[in-house]
Amino acid sequence: MEIQNVADKAFKVYGRVHTGYALEEVFKKMQDTPLPEGEVIYVPSLQEIEALPETEVLKNKLFGGLDIQIGYCNGYNKKLNAVEYHRSSEIDIAVTDLILLVGRQQDIQDDFTYDTSLIEAFFVPAGTVTELYATTLHYAPCSSGDNGFRCVIVLPKGTNEEIELPDNAEGEMRLITARNKWLVAHKEAGIEGAFNGLTGENICL
């Protein structure tokens, strides 16, 4: 699979790169977060980072004053496994080099299946602040080498918290796995309770 650069014109369909942010203290705090061998962990909200002055800057400049949560996704990953989308942009701040696998929500079929051959890969250098638009399909970042990745995730407050839905959910509601989170999984990933609508290869870098 061709790996493009997040600065390339091709990425403009999926999001944009933001510059001019001083995030040294955020990066320092992230060095204390776990990097588990052979797995990926996601923490939606980390108080140690949210208490930093940088949080107010991100809240006002990137989310227009909306309440936000700042967490992280760390680990070792080479596979797509699933795609998700939100009703809002997501900000990914690469603490290490990493690779994003992304697609377009517009390419999800009427039966909520999605062909993984449409996925594109983008290399994101450490220190890059990347916005993923609400219509951009994404999931956990991938490692760009053998040392794993660390990534700060910024979203509207409450996103990815637990939610209770009726057992007879229909249509797009079948994809909801948490608050503000719609997910389509690949059957090979074995994600419990997820809608297995990814067709084609479970992409592996």
# chains A, B, ... in the order shown; residues from 1 in each chain; ligands from 1

call {"tool": "residues_around", "arguments": {"residues": "Tyr85 in chain A", "least_positions_apart": "6", "cutoff": "8 Å", "atoms": "only C-alpha atoms", "output": "PyMOL selection string"}}
result
chain A and resi 105+134-138+181-183

call {"tool": "write_last_selection", "arguments": {"atoms": "N, CA, C and O atoms", "output": "tab-separated table (two decimals), in the first residue's frame"}}
result
chain	number	residue	atom	x	y	z
A	105	GLN	N	-16.66	8.77	4.64
A	105	GLN	CA	-17.98	8.29	5.06
A	105	GLN	C	-18.92	8.19	3.86
A	105	GLN	O	-19.79	7.32	3.81
A	134	ALA	N	-15.31	15.41	10.21
A	134	ALA	CA	-16.37	14.52	10.72
A	134	ALA	C	-16.69	13.39	9.76
A	134	ALA	O	-17.08	12.30	10.18
A	135	THR	N	-16.52	13.62	8.46
A	135	THR	CA	-16.84	12.59	7.46
A	135	THR	C	-15.66	11.68	7.14
A	135	THR	O	-15.75	10.85	6.23
A	136	THR	N	-14.58	11.82	7.88
A	136	THR	CA	-13.41	10.99	7.64
A	136	THR	C	-13.45	9.71	8.47
A	136	THR	O	-13.52	9.77	9.71
A	137	LEU	N	-13.40	8.58	7.80
A	137	LEU	CA	-13.32	7.29	8.48
A	137	LEU	C	-11.90	7.09	8.98
A	137	LEU	O	-10.93	7.34	8.26
A	138	HIS	N	-11.78	6.62	10.20
A	138	HIS	CA	-10.46	6.42	10.80
A	138	HIS	C	-10.60	5.41	11.93
A	138	HIS	O	-11.70	5.01	12.29
A	181	LYS	N	-20.01	8.07	18.42
A	181	LYS	CA	-19.10	7.12	17.76
A	181	LYS	C	-19.89	6.09	16.97
A	181	LYS	O	-20.64	5.31	17.53
A	182	TRP	N	-19.71	6.12	15.65
A	182	TRP	CA	-20.29	5.13	14.75
A	182	TRP	C	-19.16	4.28	14.20
A	182	TRP	O	-18.17	4.82	13.69
A	183	LEU	N	-19.27	2.96	14.30
A	183	LEU	CA	-18.15	2.07	13.99
A	183	LEU	C	-18.58	0.94	13.06
A	183	LEU	O	-19.64	0.33	13.25

call {"tool": "select_by_dssp", "arguments": {"residues": "range 5-204 of chain A", "states": "alpha helix (DSSP H)", "output": "ChimeraX atom specification"}}
result
/A:24-30,47-50,54-63

call {"tool": "closest_atom_pairs", "arguments": {"of": "range 94-136 of chain A", "to": "range 151-155 of chain A", "cutoff": "10 Å", "atoms": "only C-alpha atoms", "output": "JSON lines"}}
result
{"residue": "A:Ala94", "atom": "CA", "partner": "A:Cys151", "partner_atom": "CA", "distance": 4.7}
{"residue": "A:Val95", "atom": "CA", "partner": "A:Cys151", "partner_atom": "CA", "distance": 5.4}
{"residue": "A:Thr96", "atom": "CA", "partner": "A:Cys151", "partner_atom": "CA", "distance": 7.1}
{"residue": "A:Asp97", "atom": "CA", "partner": "A:Cys151", "partner_atom": "CA", "distance": 9.0}
{"residue": "A:Leu98", "atom": "CA", "partner": "A:Cys151", "partner_atom": "CA", "distance": 8.2}
{"residue": "A:Ala126", "atom": "CA", "partner": "A:Cys151", "partner_atom": "CA", "distance": 9.1}
{"residue": "A:Gly127", "atom": "CA", "partner": "A:Cys151", "partner_atom": "CA", "distance": 9.6}
{"residue": "A:Thr128", "atom": "CA", "partner": "A:Cys151", "partner_atom": "CA", "distance": 9.9}
{"residue": "A:Val129", "atom": "CA", "partner": "A:Val152", "partner_atom": "CA", "distance": 9.2}
{"residue": "A:Thr130", "atom": "CA", "partner": "A:Ile153", "partner_atom": "CA", "distance": 9.9}
{"residue": "A:Glu131", "atom": "CA", "partner": "A:Val154", "partner_atom": "CA", "distance": 9.4}

call {"tool": "residues_around", "arguments": {"residues": "range 20-26 of chain A", "least_positions_apart": "2", "cutoff": "12 Å", "atoms": "only C-alpha atoms", "output": "PyMOL selection string"}}
result
chain A and resi 17-18+28-33+46-58+61-62+70-72+93-95+126-130+150-154

call {"tool": "residues_around", "arguments": {"residues": "range 107-110 of chain A", "least_positions_apart": "2", "cutoff": "12 Å", "atoms": "only C-alpha atoms", "output": "VMD selection string"}}
result
chain A and resid 83 to 85 102 to 105 112 to 119 135 to 137 171 to 172 175 182 to 184 197 to 199

call {"tool": "residues_around", "arguments": {"residues": "range 36-41 of chain A", "least_positions_apart": "4", "cutoff": "6 Å", "atoms": "only C-alpha atoms", "output": "PyMOL selection string"}}
result
chain A and resi 73-76

call {"tool": "select_by_dssp", "arguments": {"residues": "range 18-49 of chain A", "states": "strand (DSSP E)", "output": "list in words"}}
result
His18, Val40, Ile41, Tyr42 and Val43 of chain A

call {"tool": "write_last_selection", "arguments": {"atoms": "C-alpha atoms", "output": "mmCIF file, in the first residue's frame"}}
result
data_model
loop_
_atom_site.group_PDB
_atom_site.id
_atom_site.type_symbol
_atom_site.label_atom_id
_atom_site.label_comp_id
_atom_site.auth_asym_id
_atom_site.auth_seq_id
_atom_site.Cartn_x
_atom_site.Cartn_y
_atom_site.Cartn_z
ATOM 1 C CA HIS A 18 -2.715 22.938 11.897
ATOM 2 C CA VAL A 40 -3.410 -0.548 21.602
ATOM 3 C CA ILE A 41 -5.006 1.399 24.439
ATOM 4 C CA TYR A 42 -7.335 4.400 24.242
ATOM 5 C CA VAL A 43 -8.077 6.760 27.127
#

call {"tool": "residues_around", "arguments": {"residues": "Ile3 in chain A", "least_positions_apart": "5", "cutoff": "10 Å", "atoms": "only C-alpha atoms", "output": "PDB file with N, CA, C and O atoms, in the first residue's frame"}}
result
ATOM      1  N   ILE A  99       1.175   6.461  11.360  1.00  0.00           N
ATOM      2  CA  ILE A  99       0.485   6.378  10.076  1.00  0.00           C
ATOM      3  C   ILE A  99      -1.016   6.329  10.333  1.00  0.00           C
ATOM      4  O   ILE A  99      -1.482   5.569  11.195  1.00  0.00           O
ATOM      5  N   LEU A 100      -1.770   7.140   9.596  1.00  0.00           N
ATOM      6  CA  LEU A 100      -3.230   7.128   9.674  1.00  0.00           C
ATOM      7  C   LEU A 100      -3.804   6.434   8.454  1.00  0.00           C
ATOM      8  O   LEU A 100      -3.409   6.718   7.321  1.00  0.00           O
ATOM      9  N   LEU A 101      -4.733   5.508   8.701  1.00  0.00           N
ATOM     10  CA  LEU A 101      -5.499   4.872   7.636  1.00  0.00           C
ATOM     11  C   LEU A 101      -6.864   5.544   7.608  1.00  0.00           C
ATOM     12  O   LEU A 101      -7.586   5.515   8.607  1.00  0.00           O
ATOM     13  N   GLU A 120      -6.935   4.924   2.333  1.00  0.00           N
ATOM     14  CA  GLU A 120      -5.632   5.495   1.997  1.00  0.00           C
ATOM     15  C   GLU A 120      -4.799   5.636   3.275  1.00  0.00           C
ATOM     16  O   GLU A 120      -5.338   5.789   4.380  1.00  0.00           O
ATOM     17  N   ALA A 121      -3.466   5.603   3.109  1.00  0.00           N
ATOM     18  CA  ALA A 121      -2.539   5.683   4.239  1.00  0.00           C
ATOM     19  C   ALA A 121      -1.723   6.967   4.155  1.00  0.00           C
ATOM     20  O   ALA A 121      -1.241   7.342   3.077  1.00  0.00           O
ATOM     21  N   PHE A 122      -1.547   7.626   5.314  1.00  0.00           N
ATOM     22  CA  PHE A 122      -0.781   8.874   5.373  1.00  0.00           C
ATOM     23  C   PHE A 122       0.185   8.841   6.547  1.00  0.00           C
ATOM     24  O   PHE A 122      -0.211   8.565   7.679  1.00  0.00           O
ATOM     25  N   PHE A 123       1.439   9.154   6.260  1.00  0.00           N
ATOM     26  CA  PHE A 123       2.455   9.269   7.300  1.00  0.00           C
ATOM     27  C   PHE A 123       2.321  10.615   7.991  1.00  0.00           C
ATOM     28  O   PHE A 123       2.185  11.652   7.339  1.00  0.00           O
ATOM     29  N   LEU A 205      -0.196  -3.089   7.337  1.00  0.00           N
ATOM     30  CA  LEU A 205       0.965  -2.376   6.807  1.00  0.00           C
ATOM     31  C   LEU A 205       2.247  -3.169   7.032  1.00  0.00           C
ATOM     32  O   LEU A 205       2.374  -3.871   8.001  1.00  0.00           O
TER      33      LEU A 205
END

call {"tool": "closest_residue", "arguments": {"among": "A:Ala194, A:Ile176, A:Cys204, A:Leu165", "to": "Pro141 in chain A", "atoms": "only C-alpha atoms"}}
result
A:Cys204

call {"tool": "closest_residue", "arguments": {"among": "A:Pro34, A:Gly145, A:Gly65, A:Pro156", "to": "His86 in chain A", "atoms": "only C-alpha atoms"}}
result
A:Pro156

call {"tool": "closest_residue", "arguments": {"among": "A:Asp8, A:Glu162, A:Glu192, A:Asp167", "to": "Arg179 in chain A", "atoms": "only C-alpha atoms"}}
result
A:Glu162
